[in-house]
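Enquirer: Below you'll find the structure I mean.
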Amino acid sequence: MAEGEITNNSSKEGVNENKNNKSCINGTDKTSEKKASMKDPETFCCLLQPGNADSSPDYIGIRRFLLARKAESSSYRRLDWRCNGKGYVAYRNYMRRPRKWEKLQTPSRPSTPGNSGPWNSRSGSFSHLFDAESWNSSKDQRSGSVASTNRSSSLSDSDRPRQRGVEPAYSFVGMHCIFDQCKAAAVTVLKFGHMSSDLLAYGASDGTLVVCSVSDPPSVLKQLNGHSKDVTDFDFSSNNQYIASSSKDKTVRVWELSKGLCIRIIYGVSPQLCIRFHPVNNNFLSVGSANKEITVFNFSTGRIITKSNFDSEVTSMDHDHTGQLIFCGDAQGCIYTASMESRTGALSRSHRYKSGNKLKCPVATVQYRSFSLMTKGPVLLSCTQDGSLSFFSINLESQGYLTLRCSLKLTSRIHTIRASFCPLLSLDKGEYIVAGSEDTHVNFYDLTRPKHTCVNKLQGHGFPVIGVAWNHGENLLASSDLYGVVIVWKRAKTK
């Protein structure tokens, strides 16, 4: 039995030796199989699962190998790139775009040079707030007030992709002329004449209206005196023969410019805050008041045609190009849309947009534009006293329903500061806004740039800038400040 046991043990040892020999022979084959399996991602996923104690060294080695792998070459991403039929240039601009925009992209529409940013999204309203005036413009300081007007946005354009033939955003050659007839009285509102490039008028806090000509040589045509308190707003008739003005003295006055006389006075029961001629039928004159209503007057007779009540004081308004809609803002920061009958002048409220801001601030500017690059349709700009610029798209088929597209949060203001659309540079560039500021600058903002939206500044005023206006030729920009100085800036010629 002992011998048998010895023979059995020896046979077992022989079998084990044969197994060890086979494992040694097949060792090289297993290592080659492992090397081949490392190229397969599915094999990696299986091997990453920790096993027993014998397989832990392999698991640790594979994990270290994976962590040391380099990123995939961008050439593979370029092969899969699809950008509305665009090629390598579109891919390069996409890779160079500001990184914050990547989080705001919609999955259905990739970013291109002419279709970038979150504003082209069709998924409802947007309210991305950006601290626009927190940008430090220390590099943009130059000596001299006149020399400082001849600058462009090249300092901040480093944040966006460089393209051939990109024009600096609204560069100016300097000051065209200066008017200072309203000394020590704030120029609260200024406008160029309807379809006019050289007729300029502005109203002041002392109740005066000044009508000027900015053509060479610049001159003051008429000085209209009659209001006893601040001129809050005024508007030109379609032929520029008349001006209708509203004031805090509770009156509306109609002026004939050729004679410089007040031909009609309409008395109200509260301060009159905004006023507009109907763009099609100039016999209708709409006036917003502190009595929470809009009153439509007959321009020829001065009689009341209709009234429409609102929730708060109506502080600003504007018509659409057809005259069928009125957009107005109130003292609580709400924007209203009202339908207007062009034949009878009847008003009816359609929609109301209520801001989500807890601070209820008056709307200083409501401006309509019939076309925008962002929405490919009509848009509305509003500016509130707390420094919020809001940009809306307008659905004309739904009686002027407003959809918020973007919003810029500027620094809070003490005074009522107005803003305006800028002229369109071309059909493939951004959307620009110009606004006054309490830092004595005229600031330009690009709504398509979430970072560093301030693209240009004009320096020349010594007091807070509260009013801005473009002429019809879009080559002159007028700005007014709190001390009664009006500066007309001449824009550089575009190629």
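The way I read the labels, and the way they are meant: chains A, B, ... in the order of the structure tokens, residue 1 as the first residue of every chain, and ligand 1 as the first ligand shown, with later ones counted on from there.
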Apply DSSP to the backbone of this structure and, from range 244-437 of chain A, keep only the residues in strand (DSSP E); write these as an NGL selection string.

Expert: :A and (244-247 or 251-256 or 261-267 or 272-277 or 284-289 or 293-298 or 304-309 or 314-319 or 325-330 or 335-340 or 347-353 or 363-369 or 379-384 or 388-395 or 401-409 or 419-421 or 432-435)

Enquirer: May I have the residues within 7 Å of His194 in chain A as a PyMOL selection string, using only C-alpha atoms and disregarding those fewer than 3 positions away in the same chain?

Expert: chain A and resi 236+238+240

Enquirer: Give me, as a ChimeraX atom specification, all polymer residues having an atom no more than 8 Å from Ser316 in chain A, counting only C-alpha atoms and skipping those fewer than 3 positions away in the same chain.

Expert: /A:273-275,288,328-330,363-366

Enquirer: Fewer than 5 positions away in the same chain doesn't count, so skip those; otherwise give me all residues within 12 Å of Val189 in chain A, counting only C-alpha atoms, as a PyMOL selection string.

Expert: chain A and resi 200-205+207-210+230-235+245-247+273-275+316+364-365+416-419+436+465-469+478-482+484-486

Enquirer: Store the residues picked out above, limited to N, CA and C atoms, as a short mmCIF file (atom, residue, chain, number, x, y, z; two decimals), in the first residue's frame.

Expert:
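What landed in selection.cif:
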data_model
loop_
_atom_site.label_atom_id
_atom_site.label_comp_id
_atom_site.auth_asym_id
_atom_site.auth_seq_id
_atom_site.Cartn_x
_atom_site.Cartn_y
_atom_site.Cartn_z
N LEU A 200 -32.61 117.94 -35.66
CA LEU A 200 -32.49 117.40 -34.30
C LEU A 200 -33.25 118.29 -33.33
N ALA A 201 -33.93 117.67 -32.38
CA ALA A 201 -34.64 118.42 -31.33
C ALA A 201 -34.38 117.73 -30.00
N TYR A 202 -34.39 118.52 -28.94
CA TYR A 202 -34.21 117.95 -27.61
C TYR A 202 -34.97 118.80 -26.60
N GLY A 203 -35.45 118.10 -25.55
CA GLY A 203 -36.20 118.74 -24.48
C GLY A 203 -35.44 118.66 -23.18
N ALA A 204 -35.64 119.66 -22.32
CA ALA A 204 -34.86 119.78 -21.09
C ALA A 204 -35.78 119.82 -19.88
N SER A 205 -35.12 119.71 -18.72
CA SER A 205 -35.87 119.69 -17.47
C SER A 205 -36.41 121.06 -17.09
N GLY A 207 -38.21 122.81 -19.14
CA GLY A 207 -39.42 123.01 -19.94
C GLY A 207 -39.19 123.52 -21.34
N THR A 208 -37.95 123.69 -21.77
CA THR A 208 -37.67 124.23 -23.11
C THR A 208 -37.49 123.11 -24.11
N LEU A 209 -37.84 123.41 -25.35
CA LEU A 209 -37.60 122.54 -26.51
C LEU A 209 -36.72 123.30 -27.49
N VAL A 210 -35.63 122.68 -27.92
CA VAL A 210 -34.69 123.30 -28.84
C VAL A 210 -34.65 122.48 -30.11
N ASP A 230 -40.53 119.71 -16.46
CA ASP A 230 -39.72 118.86 -17.33
C ASP A 230 -40.48 118.43 -18.58
N VAL A 231 -39.77 118.46 -19.70
CA VAL A 231 -40.28 117.85 -20.93
C VAL A 231 -39.96 116.36 -20.86
N THR A 232 -40.97 115.54 -20.74
CA THR A 232 -40.76 114.10 -20.57
C THR A 232 -40.59 113.37 -21.89
N ASP A 233 -41.24 113.86 -22.96
CA ASP A 233 -41.15 113.19 -24.25
C ASP A 233 -41.70 114.12 -25.32
N PHE A 234 -41.35 113.83 -26.57
CA PHE A 234 -41.93 114.55 -27.71
C PHE A 234 -41.79 113.67 -28.94
N ASP A 235 -42.50 114.04 -30.00
CA ASP A 235 -42.46 113.26 -31.23
C ASP A 235 -42.70 114.19 -32.42
N SER A 245 -45.39 117.57 -27.69
CA SER A 245 -44.55 117.36 -26.50
C SER A 245 -45.43 117.12 -25.28
N SER A 246 -44.91 116.30 -24.36
CA SER A 246 -45.57 116.04 -23.09
C SER A 246 -44.67 116.52 -21.96
N SER A 247 -45.31 116.84 -20.82
CA SER A 247 -44.54 117.43 -19.73
C SER A 247 -45.14 117.04 -18.39
N LEU A 273 -46.37 111.60 -19.53
CA LEU A 273 -45.04 111.00 -19.48
C LEU A 273 -44.48 110.55 -20.82
N CYS A 274 -45.32 110.22 -21.79
CA CYS A 274 -44.82 109.79 -23.10
C CYS A 274 -45.86 110.10 -24.16
N ILE A 275 -45.40 110.24 -25.40
CA ILE A 275 -46.30 110.68 -26.46
C ILE A 275 -45.79 110.15 -27.80
N SER A 316 -43.40 104.88 -20.96
CA SER A 316 -42.78 104.90 -22.30
C SER A 316 -43.66 104.11 -23.25
N ALA A 364 -37.80 102.93 -18.93
CA ALA A 364 -37.39 104.22 -19.51
C ALA A 364 -37.47 104.23 -21.02
N THR A 365 -37.28 103.06 -21.66
CA THR A 365 -37.25 102.98 -23.12
C THR A 365 -38.04 101.78 -23.58
N THR A 416 -33.02 108.42 -14.97
CA THR A 416 -33.69 107.73 -16.05
C THR A 416 -32.83 107.83 -17.31
N ILE A 417 -32.22 106.72 -17.70
CA ILE A 417 -31.28 106.69 -18.82
C ILE A 417 -31.90 105.85 -19.94
N ARG A 418 -31.81 106.36 -21.15
CA ARG A 418 -32.45 105.72 -22.30
C ARG A 418 -31.44 104.93 -23.12
N ALA A 419 -31.97 104.02 -23.93
CA ALA A 419 -31.17 103.18 -24.81
C ALA A 419 -31.80 103.17 -26.19
N GLY A 436 -26.86 105.29 -22.66
CA GLY A 436 -26.12 106.21 -21.81
C GLY A 436 -25.68 105.52 -20.54
N VAL A 465 -24.67 110.50 -18.90
CA VAL A 465 -25.35 110.54 -20.20
C VAL A 465 -26.70 109.87 -20.05
N ILE A 466 -27.77 110.59 -20.39
CA ILE A 466 -29.12 110.07 -20.15
C ILE A 466 -29.95 109.90 -21.42
N GLY A 467 -29.46 110.38 -22.56
CA GLY A 467 -30.23 110.26 -23.79
C GLY A 467 -29.34 109.98 -24.98
N VAL A 468 -29.81 109.12 -25.91
CA VAL A 468 -29.09 108.81 -27.14
C VAL A 468 -30.10 108.71 -28.28
N ALA A 469 -29.65 109.04 -29.51
CA ALA A 469 -30.53 108.97 -30.68
C ALA A 469 -29.69 108.94 -31.94
N ALA A 478 -26.45 111.26 -31.56
CA ALA A 478 -26.56 112.37 -30.61
C ALA A 478 -26.72 111.81 -29.20
N SER A 479 -26.04 112.45 -28.26
CA SER A 479 -26.13 112.05 -26.85
C SER A 479 -26.26 113.30 -25.99
N SER A 480 -26.98 113.17 -24.90
CA SER A 480 -27.22 114.31 -24.00
C SER A 480 -26.87 113.90 -22.58
N ASP A 481 -26.51 114.89 -21.77
CA ASP A 481 -26.13 114.58 -20.40
C ASP A 481 -26.96 115.37 -19.41
N LEU A 482 -26.63 115.20 -18.15
CA LEU A 482 -27.41 115.77 -17.05
C LEU A 482 -27.20 117.27 -16.90
N GLY A 484 -27.06 119.46 -19.56
CA GLY A 484 -27.61 120.19 -20.68
C GLY A 484 -26.74 120.24 -21.92
N VAL A 485 -25.70 119.42 -22.00
CA VAL A 485 -24.82 119.41 -23.17
C VAL A 485 -25.26 118.29 -24.11
N VAL A 486 -25.37 118.63 -25.39
CA VAL A 486 -25.71 117.66 -26.44
C VAL A 486 -24.52 117.55 -27.38
#

Enquirer: For range 342-358 of chain A, work out the shell of residues within 10 Å, counting only C-alpha atoms and skipping chain neighbours fewer than 4 positions away, then give it as a ChimeraX atom specification.

Expert: /A:127,278-281,283-286,294-298,305-310,322-329,332-338,386,388,390,398-404

Enquirer: Keeping only N, CA and C atoms, write those residues as a CSV table (one decimal), in the first residue's frame.

Expert:
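Result written to part-v3.csv:
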chain,number,residue,atom,x,y,z
A,127,SER,N,-33.6,84.2,-20.3
A,127,SER,CA,-33.4,85.3,-19.4
A,127,SER,C,-32.0,85.2,-18.9
A,278,HIS,N,-49.4,108.6,-34.5
A,278,HIS,CA,-49.7,107.3,-35.2
A,278,HIS,C,-48.8,107.3,-36.5
A,279,PRO,N,-48.1,106.2,-36.8
A,279,PRO,CA,-47.2,106.3,-38.0
A,279,PRO,C,-48.0,106.3,-39.3
A,280,VAL,N,-49.2,105.9,-39.4
A,280,VAL,CA,-50.0,105.9,-40.6
A,280,VAL,C,-51.0,107.1,-40.6
A,281,ASN,N,-51.7,107.3,-39.6
A,281,ASN,CA,-52.7,108.3,-39.5
A,281,ASN,C,-52.2,109.3,-38.4
A,283,ASN,N,-53.3,112.0,-37.5
A,283,ASN,CA,-54.4,112.7,-36.8
A,283,ASN,C,-54.6,112.1,-35.4
A,284,PHE,N,-54.0,110.9,-35.2
A,284,PHE,CA,-54.1,110.3,-33.9
A,284,PHE,C,-52.8,110.6,-33.1
A,285,LEU,N,-53.0,111.0,-31.8
A,285,LEU,CA,-51.9,111.3,-31.0
A,285,LEU,C,-52.1,110.6,-29.7
A,286,SER,N,-51.2,109.6,-29.4
A,286,SER,CA,-51.4,108.8,-28.2
A,286,SER,C,-50.5,109.3,-27.1
A,294,ILE,N,-53.6,105.3,-21.2
A,294,ILE,CA,-53.2,105.9,-22.5
A,294,ILE,C,-54.4,106.5,-23.2
A,295,THR,N,-54.3,107.8,-23.5
A,295,THR,CA,-55.3,108.6,-24.1
A,295,THR,C,-55.0,108.9,-25.6
A,296,VAL,N,-55.9,108.6,-26.5
A,296,VAL,CA,-55.8,108.9,-27.9
A,296,VAL,C,-56.5,110.2,-28.2
A,297,PHE,N,-55.8,111.2,-28.7
A,297,PHE,CA,-56.4,112.5,-29.0
A,297,PHE,C,-56.6,112.6,-30.5
A,298,ASN,N,-57.5,113.5,-30.9
A,298,ASN,CA,-57.6,113.9,-32.3
A,298,ASN,C,-56.6,115.1,-32.4
A,305,ILE,N,-60.4,110.7,-28.2
A,305,ILE,CA,-61.0,109.7,-29.0
A,305,ILE,C,-61.3,108.4,-28.2
A,306,THR,N,-60.4,108.0,-27.4
A,306,THR,CA,-60.5,106.8,-26.6
A,306,THR,C,-59.5,106.8,-25.5
A,307,LYS,N,-59.7,105.9,-24.5
A,307,LYS,CA,-58.8,105.7,-23.4
A,307,LYS,C,-58.7,104.3,-23.1
A,308,SER,N,-57.5,103.9,-22.5
A,308,SER,CA,-57.3,102.5,-22.1
A,308,SER,C,-56.5,102.5,-20.8
A,309,ASN,N,-57.0,101.8,-19.8
A,309,ASN,CA,-56.4,101.8,-18.5
A,309,ASN,C,-55.4,100.7,-18.4
A,310,PHE,N,-54.3,100.9,-17.5
A,310,PHE,CA,-53.3,100.0,-17.3
A,310,PHE,C,-53.1,99.9,-15.8
A,322,THR,N,-46.8,99.4,-38.7
A,322,THR,CA,-48.1,99.5,-39.3
A,322,THR,C,-49.1,100.4,-38.5
A,323,GLY,N,-48.8,100.7,-37.3
A,323,GLY,CA,-49.7,101.4,-36.4
A,323,GLY,C,-50.8,100.6,-35.8
A,324,GLN,N,-50.8,99.3,-36.0
A,324,GLN,CA,-51.8,98.5,-35.4
A,324,GLN,C,-51.5,98.0,-34.0
A,325,LEU,N,-50.3,98.2,-33.6
A,325,LEU,CA,-49.9,97.8,-32.2
A,325,LEU,C,-49.2,98.9,-31.5
A,326,ILE,N,-49.4,99.0,-30.2
A,326,ILE,CA,-48.7,99.9,-29.3
A,326,ILE,C,-48.0,99.1,-28.2
A,327,PHE,N,-46.8,99.4,-28.0
A,327,PHE,CA,-46.0,98.7,-27.0
A,327,PHE,C,-45.7,99.8,-25.9
A,328,CYS,N,-46.0,99.5,-24.7
A,328,CYS,CA,-45.8,100.5,-23.7
A,328,CYS,C,-45.2,99.8,-22.4
A,329,GLY,N,-44.5,100.6,-21.6
A,329,GLY,CA,-43.9,100.2,-20.3
A,329,GLY,C,-44.5,101.0,-19.2
A,332,GLN,N,-43.9,99.8,-13.0
A,332,GLN,CA,-43.6,98.6,-12.3
A,332,GLN,C,-42.7,97.6,-13.1
A,333,GLY,N,-42.3,98.1,-14.3
A,333,GLY,CA,-41.4,97.2,-15.1
A,333,GLY,C,-42.1,96.3,-16.0
A,334,CYS,N,-43.4,96.4,-16.2
A,334,CYS,CA,-44.2,95.6,-17.1
A,334,CYS,C,-44.2,96.2,-18.5
A,335,ILE,N,-44.3,95.3,-19.5
A,335,ILE,CA,-44.4,95.7,-20.9
A,335,ILE,C,-45.8,95.2,-21.4
A,336,TYR,N,-46.5,96.1,-22.0
A,336,TYR,CA,-47.9,95.8,-22.5
A,336,TYR,C,-47.9,95.9,-24.0
A,337,THR,N,-48.8,95.1,-24.6
A,337,THR,CA,-49.1,95.2,-26.0
A,337,THR,C,-50.6,95.5,-26.2
A,338,ALA,N,-50.9,96.5,-26.9
A,338,ALA,CA,-52.3,97.0,-27.1
A,338,ALA,C,-52.5,97.1,-28.6
A,386,ASP,N,-33.3,100.4,-13.4
A,386,ASP,CA,-32.3,99.6,-12.6
A,386,ASP,C,-31.2,99.1,-13.5
A,388,SER,N,-31.6,97.2,-16.6
A,388,SER,CA,-31.9,96.0,-17.3
A,388,SER,C,-32.3,96.2,-18.7
A,390,SER,N,-33.7,94.5,-22.0
A,390,SER,CA,-34.4,93.3,-22.4
A,390,SER,C,-34.7,93.3,-23.9
A,398,SER,N,-50.0,86.7,-33.3
A,398,SER,CA,-50.7,86.6,-32.0
A,398,SER,C,-50.9,87.9,-31.3
A,399,GLN,N,-51.1,89.0,-32.1
A,399,GLN,CA,-51.4,90.3,-31.6
A,399,GLN,C,-50.3,90.9,-30.8
A,400,GLY,N,-49.0,90.6,-31.3
A,400,GLY,CA,-47.9,91.2,-30.6
A,400,GLY,C,-47.4,90.5,-29.4
A,401,TYR,N,-47.5,89.2,-29.3
A,401,TYR,CA,-47.1,88.5,-28.2
A,401,TYR,C,-45.6,88.6,-28.1
A,402,LEU,N,-45.1,88.9,-26.8
A,402,LEU,CA,-43.6,89.1,-26.6
A,402,LEU,C,-43.0,87.8,-26.0
A,403,THR,N,-41.8,87.5,-26.5
A,403,THR,CA,-41.0,86.4,-26.0
A,403,THR,C,-39.6,87.0,-25.7
A,404,LEU,N,-39.2,86.8,-24.5
A,404,LEU,CA,-37.9,87.3,-24.1
A,404,LEU,C,-36.8,86.5,-24.7

Enquirer: Just checking: using only C-alpha atoms, which residue out of A:Leu408, A:Met340, A:Leu477, A:Leu396 ends up closest to Arg449 in chain A?

Expert: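 Checking each of A:Leu408, A:Met340, A:Leu477, A:Leu396 against Arg449 in chain A, counting only C-alpha atoms, the winner is A:Leu408.
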
Enquirer: Just to confirm, what's the straight-line distance from CA of Gln223 in chain A to CA of Pro464 in chain A in Å (one decimal)?

Expert: 23.8 Å

Enquirer: When you draw a straight line from CA of Asn282 in chain A to CA of Ser237 in chain A, how long is it in Å?

Expert: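 Result for CA of Asn282 in chain A versus CA of Ser237 in chain A: 6.7 Å, one decimal.
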
Enquirer: So which one's closest to Ser196 in chain A, A:Glu256, A:Glu341, A:Asp180, A:Glu474? Using only C-alpha atoms, please.

Expert: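 Selected residue with least distance to Ser196 in chain A: A:Glu474.
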
Enquirer: Can you work out the spacing between CA of Cys262 in chain A and CA of Arg303 in chain A in Å, to one decimal?

Expert: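 A separation of 16.8 Å between them.
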
Enquirer: In terms of the shortest atom-to-atom distance over only C-alpha atoms, which of A:Ile487, A:Leu373, A:Leu424, A:Leu221 is closest to Tyr170 in chain A?

Expert: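 Of A:Ile487, A:Leu373, A:Leu424, A:Leu221, the one nearest Tyr170 in chain A is A:Leu424, counting only C-alpha atoms.
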
Enquirer: Got a sec: who's within 8 Å of Lys222 in chain A, counting only C-alpha atoms, leaving out chain neighbours fewer than 2 positions off, as a count of residues only?

Expert: 7
